[in-house]
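Data block for work_0.pdb (PDB, C-alpha atoms, pLDDT in the B column):
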ATOM      1  CA  MET Y   1      81.229  90.665 117.264  1.00 78.00           C
ATOM      2  CA  GLU Y   2      83.985  92.135 115.125  1.00 90.00           C
ATOM      3  CA  TYR Y   3      83.361  92.859 111.457  1.00 95.00           C
ATOM      4  CA  THR Y   4      84.667  94.906 108.544  1.00 96.00           C
ATOM      5  CA  ILE Y   5      82.422  97.356 106.694  1.00 96.00           C
ATOM      6  CA  ILE Y   6      82.530  96.964 102.910  1.00 98.00           C
ATOM      7  CA  ASN Y   7      80.837  99.439 100.579  1.00 98.00           C
ATOM      8  CA  ILE Y   8      79.491  98.095  97.294  1.00 98.00           C
ATOM      9  CA  THR Y   9      77.405  99.554  94.466  1.00 97.00           C
ATOM     10  CA  LYS Y  10      73.681  98.926  94.043  1.00 95.00           C
ATOM     11  CA  GLU Y  11      74.556  96.976  90.888  1.00 95.00           C
ATOM     12  CA  GLU Y  12      76.985  94.758  92.820  1.00 94.00           C
ATOM     13  CA  SER Y  13      74.376  94.160  95.561  1.00 94.00           C
ATOM     14  CA  LYS Y  14      72.542  91.580  93.421  1.00 94.00           C
ATOM     15  CA  TYR Y  15      75.509  89.254  94.077  1.00 95.00           C
ATOM     16  CA  ALA Y  16      75.443  89.831  97.863  1.00 97.00           C
ATOM     17  CA  GLU Y  17      73.999  86.496  98.971  1.00 97.00           C
ATOM     18  CA  SER Y  18      75.294  83.449 100.820  1.00 98.00           C
ATOM     19  CA  ASN Y  19      78.362  82.038  99.052  1.00 98.00           C
ATOM     20  CA  GLY Y  20      78.302  84.877  96.504  1.00 98.00           C
ATOM     21  CA  GLU Y  21      81.157  87.137  95.422  1.00 97.00           C
ATOM     22  CA  VAL Y  22      81.311  90.939  95.441  1.00 98.00           C
ATOM     23  CA  TYR Y  23      83.782  93.710  94.677  1.00 98.00           C
ATOM     24  CA  GLY Y  24      83.843  96.726  96.940  1.00 98.00           C
ATOM     25  CA  VAL Y  25      85.775  99.222  99.020  1.00 98.00           C
ATOM     26  CA  ILE Y  26      86.880  99.379 102.636  1.00 97.00           C
ATOM     27  CA  LYS Y  27      87.208 102.997 103.774  1.00 94.00           C
ATOM     28  CA  ARG Y  28      89.874 103.214 106.456  1.00 88.00           C
ATOM     29  CA  LEU Y  29      92.002 106.118 107.702  1.00 86.00           C
ATOM     30  CA  GLY Y  30      91.068 108.295 104.733  1.00 89.00           C
ATOM     31  CA  MET Y  31      92.037 105.583 102.246  1.00 91.00           C
ATOM     32  CA  ASN Y  32      89.928 103.457  99.921  1.00 95.00           C
ATOM     33  CA  ILE Y  33      91.087  99.837  99.884  1.00 97.00           C
ATOM     34  CA  SER Y  34      89.692  97.892  96.919  1.00 98.00           C
ATOM     35  CA  VAL Y  35      88.512  94.394  97.839  1.00 98.00           C
ATOM     36  CA  TYR Y  36      87.237  91.145  96.381  1.00 98.00           C
ATOM     37  CA  VAL Y  37      85.042  89.236  98.826  1.00 98.00           C
ATOM     38  CA  GLU Y  38      84.013  85.586  98.753  1.00 98.00           C
ATOM     39  CA  LEU Y  39      80.947  85.794 100.951  1.00 98.00           C
ATOM     40  CA  GLY Y  40      80.187  83.186 103.547  1.00 98.00           C
ATOM     41  CA  ARG Y  41      76.804  82.642 105.124  1.00 98.00           C
ATOM     42  CA  GLU Y  42      74.329  85.516 105.238  1.00 98.00           C
ATOM     43  CA  ARG Y  43      73.127  86.253 108.763  1.00 97.00           C
ATOM     44  CA  PRO Y  44      70.200  88.361 109.950  1.00 96.00           C
ATOM     45  CA  TYR Y  45      71.206  92.017 110.073  1.00 94.00           C
ATOM     46  CA  HIS Y  46      70.201  93.998 113.141  1.00 91.00           C
ATOM     47  CA  SER Y  47      70.280  97.742 112.552  1.00 90.00           C
ATOM     48  CA  ASN Y  48      71.954 100.136 114.934  1.00 89.00           C
ATOM     49  CA  SER Y  49      71.756 103.863 115.636  1.00 91.00           C
ATOM     50  CA  ASN Y  50      74.740 104.633 113.366  1.00 90.00           C
ATOM     51  CA  ASP Y  51      73.048 103.202 110.263  1.00 93.00           C
ATOM     52  CA  ASP Y  52      72.119 105.599 107.463  1.00 93.00           C
ATOM     53  CA  ILE Y  53      68.399 105.338 106.640  1.00 93.00           C
ATOM     54  CA  ASN Y  54      69.246 105.738 102.923  1.00 94.00           C
ATOM     55  CA  THR Y  55      71.611 102.751 102.919  1.00 96.00           C
ATOM     56  CA  GLU Y  56      70.830  99.029 102.829  1.00 96.00           C
ATOM     57  CA  TYR Y  57      72.886  96.558 104.849  1.00 97.00           C
ATOM     58  CA  LYS Y  58      73.626  92.832 104.878  1.00 98.00           C
ATOM     59  CA  PHE Y  59      75.779  90.820 107.273  1.00 98.00           C
ATOM     60  CA  PHE Y  60      77.882  87.762 106.408  1.00 98.00           C
ATOM     61  CA  SER Y  61      80.108  85.433 108.421  1.00 98.00           C
ATOM     62  CA  GLY Y  62      82.950  83.202 107.266  1.00 98.00           C
ATOM     63  CA  CYS Y  63      84.052  85.487 104.417  1.00 98.00           C
ATOM     64  CA  GLU Y  64      87.378  85.596 102.583  1.00 98.00           C
ATOM     65  CA  VAL Y  65      88.465  89.178 101.801  1.00 98.00           C
ATOM     66  CA  THR Y  66      91.320  89.929  99.389  1.00 98.00           C
ATOM     67  CA  CYS Y  67      92.604  93.523  99.648  1.00 97.00           C
ATOM     68  CA  PHE Y  68      94.389  95.599  96.987  1.00 97.00           C
ATOM     69  CA  LYS Y  69      96.041  99.006  97.174  1.00 94.00           C
ATOM     70  CA  ASN Y  70      93.835 100.422  94.404  1.00 94.00           C
ATOM     71  CA  GLU Y  71      91.024  99.653  91.985  1.00 94.00           C
ATOM     72  CA  GLU Y  72      93.436  99.194  89.079  1.00 95.00           C
ATOM     73  CA  ASP Y  73      95.327  96.390  90.853  1.00 96.00           C
ATOM     74  CA  LEU Y  74      92.034  94.690  91.737  1.00 96.00           C
ATOM     75  CA  ALA Y  75      90.827  94.930  88.121  1.00 94.00           C
ATOM     76  CA  ASN Y  76      94.110  93.542  86.776  1.00 95.00           C
ATOM     77  CA  TRP Y  77      94.072  90.692  89.327  1.00 95.00           C
ATOM     78  CA  SER Y  78      90.466  89.898  88.343  1.00 92.00           C
ATOM     79  CA  ASN Y  79      91.609  89.635  84.725  1.00 93.00           C
ATOM     80  CA  GLY Y  80      94.347  87.116  85.546  1.00 93.00           C
ATOM     81  CA  VAL Y  81      97.334  89.450  85.842  1.00 95.00           C
ATOM     82  CA  GLU Y  82      99.718  88.422  88.623  1.00 93.00           C
ATOM     83  CA  ILE Y  83      99.173  91.172  91.195  1.00 93.00           C
ATOM     84  CA  ARG Y  84     100.097  90.614  94.817  1.00 93.00           C
ATOM     85  CA  PRO Y  85      97.283  91.560  97.219  1.00 94.00           C
ATOM     86  CA  ILE Y  86      98.228  93.737 100.191  1.00 94.00           C
ATOM     87  CA  GLN Y  87      96.260  91.631 102.680  1.00 93.00           C
ATOM     88  CA  PHE Y  88      94.031  88.572 103.092  1.00 94.00           C
ATOM     89  CA  LEU Y  89      91.295  88.380 105.736  1.00 92.00           C
ATOM     90  CA  THR Y  90      90.145  84.797 106.256  1.00 95.00           C
ATOM     91  CA  ASN Y  91      87.022  83.503 108.007  1.00 96.00           C
ATOM     92  CA  HIS Y  92      85.990  87.118 108.501  1.00 96.00           C
ATOM     93  CA  ASN Y  93      82.675  88.815 109.308  1.00 97.00           C
ATOM     94  CA  VAL Y  94      81.582  91.603 106.965  1.00 98.00           C
ATOM     95  CA  LYS Y  95      78.836  94.202 106.924  1.00 97.00           C
ATOM     96  CA  ILE Y  96      77.928  95.039 103.325  1.00 97.00           C
ATOM     97  CA  CYS Y  97      76.596  98.562 102.646  1.00 97.00           C
ATOM     98  CA  PHE Y  98      74.899  99.663  99.427  1.00 97.00           C
TER
END

Would you write the structure of this file as structure tokens?
Amino acid sequence: MEYTIINITKEESKYAESNGEVYGVIKRLGMNISVYVELGRERPYHSNSNDDINTEYKFFSGCEVTCFKNEEDLANWSNGVEIRPIQFLTNHNVKICF
């Protein structure tokens, strides 16, 4: 099953539940992509050998991920400023790490 890994803060993790919303970062190719995620349904998470024992994980399906080139654009968009996202991922699976 394909999924995108999204890193969030411990503080943000209290919102990581079915149909919740979180802000986080996708780390890809040495870049940090700031994201806003409308979470879908939480699914049981099954750990794997690559998991860090000091990190908690949750898995969600049916998520909507809005990607921005930096944290400033995400913050401005969240405050109602017209900022064009760089990508939308619809009906997506995500693995939340915190």

* Between Y:Trp77, Y:Phe59, Y:Phe98, Y:Phe68, which has the minimum distance to Tyr3 in chain Y (counting all atoms listed in the file)? ->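 Ranking Y:Trp77, Y:Phe59, Y:Phe98, Y:Phe68 by distance to Tyr3 in chain Y, first place goes to Y:Phe59.
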
* Please write the residues picked by the PyMOL selection byres ((chain Y and resi 52-55) around 7) on this file as a list of chain:residue names. =>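 Output of the PyMOL selection byres ((chain Y and resi 52-55) around 7): Y:Asn50, Y:Asp51, Y:Glu56, Y:Tyr57, Y:Cys97, Y:Phe98.
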
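Counting from CA of Ile8 in chain Y, the distance to CA of Val94 in chain Y is 11.8 Å.
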
* Asked: Counting all atoms listed in the file, what is within 9 Å of range 20-28 of chain Y, bar same-chain residues fewer than 6 positions away, as a PyMOL selection string?
  -> chain Y and resi 4-9+12-13+34-40+67+71+74+96

* Hey, which of Y:Lys95, Y:Tyr15, Y:Ser49, Y:Val65 ends up closest to Ile33 in chain Y? Count all atoms listed in the file. -> Y:Val65

* To do: Have a look at CA of Ser47 in chain Y and CA of Phe88 in chain Y and let me know their distance in Å, one decimal.
  => 27.2 Å

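Here CA of Arg41 in chain Y and CA of Ile83 in chain Y stand 27.7 Å from one another.
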
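Restricting the calculation to only C-alpha atoms, the smallest distance between Asn91 in chain Y and any of Y:Asn70, Y:Pro44, Y:Asn32, Y:Glu2 is found for Y:Glu2.
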
* **Top pick for closest residue to Leu89 in chain Y, considering Y:Glu11, Y:Glu64, Y:Glu42, Y:Glu72 and counting all atoms listed in the file** => Y:Glu64

Final N, CA and C atoms of range 13-44 of chain Y as a PDB file, keeping the file's coordinate frame:
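Dumped everything to selection.pdb:
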ATOM      1  N   SER Y  13      75.164  94.732  94.460  1.00 94.00           N
ATOM      2  CA  SER Y  13      74.376  94.160  95.561  1.00 94.00           C
ATOM      3  C   SER Y  13      73.572  92.925  95.151  1.00 94.00           C
ATOM      4  N   LYS Y  14      73.296  92.765  93.854  1.00 94.00           N
ATOM      5  CA  LYS Y  14      72.542  91.580  93.421  1.00 94.00           C
ATOM      6  C   LYS Y  14      73.340  90.293  93.636  1.00 94.00           C
ATOM      7  N   TYR Y  15      74.662  90.419  93.828  1.00 95.00           N
ATOM      8  CA  TYR Y  15      75.509  89.254  94.077  1.00 95.00           C
ATOM      9  C   TYR Y  15      75.740  89.021  95.568  1.00 95.00           C
ATOM     10  N   ALA Y  16      75.222  89.914  96.410  1.00 97.00           N
ATOM     11  CA  ALA Y  16      75.443  89.831  97.863  1.00 97.00           C
ATOM     12  C   ALA Y  16      74.459  88.851  98.484  1.00 97.00           C
ATOM     13  N   GLU Y  17      74.811  87.569  98.400  1.00 97.00           N
ATOM     14  CA  GLU Y  17      73.999  86.496  98.971  1.00 97.00           C
ATOM     15  C   GLU Y  17      74.950  85.422  99.489  1.00 97.00           C
ATOM     16  N   SER Y  18      74.439  84.508 100.272  1.00 98.00           N
ATOM     17  CA  SER Y  18      75.294  83.449 100.820  1.00 98.00           C
ATOM     18  C   SER Y  18      76.108  82.783  99.723  1.00 98.00           C
ATOM     19  N   ASN Y  19      77.408  82.659  99.967  1.00 98.00           N
ATOM     20  CA  ASN Y  19      78.362  82.038  99.052  1.00 98.00           C
ATOM     21  C   ASN Y  19      78.528  82.784  97.738  1.00 98.00           C
ATOM     22  N   GLY Y  20      78.108  84.046  97.688  1.00 98.00           N
ATOM     23  CA  GLY Y  20      78.302  84.877  96.504  1.00 98.00           C
ATOM     24  C   GLY Y  20      79.673  85.536  96.521  1.00 98.00           C
ATOM     25  N   GLU Y  21      79.902  86.399  95.540  1.00 97.00           N
ATOM     26  CA  GLU Y  21      81.157  87.137  95.422  1.00 97.00           C
ATOM     27  C   GLU Y  21      80.825  88.579  95.102  1.00 97.00           C
ATOM     28  N   VAL Y  22      81.520  89.521  95.730  1.00 98.00           N
ATOM     29  CA  VAL Y  22      81.311  90.939  95.441  1.00 98.00           C
ATOM     30  C   VAL Y  22      82.652  91.665  95.400  1.00 98.00           C
ATOM     31  N   TYR Y  23      82.654  92.791  94.700  1.00 98.00           N
ATOM     32  CA  TYR Y  23      83.782  93.710  94.677  1.00 98.00           C
ATOM     33  C   TYR Y  23      83.345  94.966  95.405  1.00 98.00           C
ATOM     34  N   GLY Y  24      84.220  95.538  96.196  1.00 98.00           N
ATOM     35  CA  GLY Y  24      83.843  96.726  96.940  1.00 98.00           C
ATOM     36  C   GLY Y  24      85.041  97.491  97.462  1.00 98.00           C
ATOM     37  N   VAL Y  25      84.761  98.335  98.458  1.00 98.00           N
ATOM     38  CA  VAL Y  25      85.775  99.222  99.020  1.00 98.00           C
ATOM     39  C   VAL Y  25      85.658  99.228 100.541  1.00 98.00           C
ATOM     40  N   ILE Y  26      86.798  99.144 101.198  1.00 97.00           N
ATOM     41  CA  ILE Y  26      86.880  99.379 102.636  1.00 97.00           C
ATOM     42  C   ILE Y  26      87.443 100.786 102.795  1.00 97.00           C
ATOM     43  N   LYS Y  27      86.727 101.633 103.517  1.00 94.00           N
ATOM     44  CA  LYS Y  27      87.208 102.997 103.774  1.00 94.00           C
ATOM     45  C   LYS Y  27      87.843 103.005 105.155  1.00 94.00           C
ATOM     46  N   ARG Y  28      89.153 103.257 105.187  1.00 88.00           N
ATOM     47  CA  ARG Y  28      89.874 103.214 106.456  1.00 88.00           C
ATOM     48  C   ARG Y  28      90.973 104.275 106.470  1.00 88.00           C
ATOM     49  N   LEU Y  29      90.980 105.085 107.506  1.00 86.00           N
ATOM     50  CA  LEU Y  29      92.002 106.118 107.702  1.00 86.00           C
ATOM     51  C   LEU Y  29      92.159 107.018 106.483  1.00 86.00           C
ATOM     52  N   GLY Y  30      91.043 107.407 105.887  1.00 89.00           N
ATOM     53  CA  GLY Y  30      91.068 108.295 104.733  1.00 89.00           C
ATOM     54  C   GLY Y  30      91.484 107.632 103.439  1.00 89.00           C
ATOM     55  N   MET Y  31      91.641 106.322 103.447  1.00 91.00           N
ATOM     56  CA  MET Y  31      92.037 105.583 102.246  1.00 91.00           C
ATOM     57  C   MET Y  31      90.894 104.697 101.783  1.00 91.00           C
ATOM     58  N   ASN Y  32      90.861 104.423 100.487  1.00 95.00           N
ATOM     59  CA  ASN Y  32      89.928 103.457  99.921  1.00 95.00           C
ATOM     60  C   ASN Y  32      90.718 102.217  99.534  1.00 95.00           C
ATOM     61  N   ILE Y  33      90.420 101.105 100.173  1.00 97.00           N
ATOM     62  CA  ILE Y  33      91.087  99.837  99.884  1.00 97.00           C
ATOM     63  C   ILE Y  33      90.132  98.997  99.042  1.00 97.00           C
ATOM     64  N   SER Y  34      90.532  98.682  97.821  1.00 98.00           N
ATOM     65  CA  SER Y  34      89.692  97.892  96.919  1.00 98.00           C
ATOM     66  C   SER Y  34      89.748  96.430  97.332  1.00 98.00           C
ATOM     67  N   VAL Y  35      88.576  95.772  97.353  1.00 98.00           N
ATOM     68  CA  VAL Y  35      88.512  94.394  97.839  1.00 98.00           C
ATOM     69  C   VAL Y  35      87.663  93.496  96.946  1.00 98.00           C
ATOM     70  N   TYR Y  36      88.035  92.222  96.959  1.00 98.00           N
ATOM     71  CA  TYR Y  36      87.237  91.145  96.381  1.00 98.00           C
ATOM     72  C   TYR Y  36      86.831  90.280  97.561  1.00 98.00           C
ATOM     73  N   VAL Y  37      85.537  89.977  97.667  1.00 98.00           N
ATOM     74  CA  VAL Y  37      85.042  89.236  98.826  1.00 98.00           C
ATOM     75  C   VAL Y  37      84.311  87.976  98.384  1.00 98.00           C
ATOM     76  N   GLU Y  38      84.760  86.831  98.883  1.00 98.00           N
ATOM     77  CA  GLU Y  38      84.013  85.586  98.753  1.00 98.00           C
ATOM     78  C   GLU Y  38      83.151  85.513 100.004  1.00 98.00           C
ATOM     79  N   LEU Y  39      81.863  85.718  99.818  1.00 98.00           N
ATOM     80  CA  LEU Y  39      80.947  85.794 100.951  1.00 98.00           C
ATOM     81  C   LEU Y  39      80.689  84.423 101.548  1.00 98.00           C
ATOM     82  N   GLY Y  40      80.552  84.407 102.835  1.00 98.00           N
ATOM     83  CA  GLY Y  40      80.187  83.186 103.547  1.00 98.00           C
ATOM     84  C   GLY Y  40      78.675  83.116 103.681  1.00 98.00           C
ATOM     85  N   ARG Y  41      78.235  82.808 104.859  1.00 98.00           N
ATOM     86  CA  ARG Y  41      76.804  82.642 105.124  1.00 98.00           C
ATOM     87  C   ARG Y  41      76.165  83.975 105.516  1.00 98.00           C
ATOM     88  N   GLU Y  42      75.045  84.297 104.863  1.00 98.00           N
ATOM     89  CA  GLU Y  42      74.329  85.516 105.238  1.00 98.00           C
ATOM     90  C   GLU Y  42      73.631  85.298 106.570  1.00 98.00           C
ATOM     91  N   ARG Y  43      73.736  86.278 107.430  1.00 97.00           N
ATOM     92  CA  ARG Y  43      73.127  86.253 108.763  1.00 97.00           C
ATOM     93  C   ARG Y  43      72.106  87.382 108.859  1.00 97.00           C
ATOM     94  N   PRO Y  44      71.150  87.257 109.761  1.00 96.00           N
ATOM     95  CA  PRO Y  44      70.200  88.361 109.950  1.00 96.00           C
ATOM     96  C   PRO Y  44      70.961  89.630 110.342  1.00 96.00           C
TER      97      PRO Y  44
END
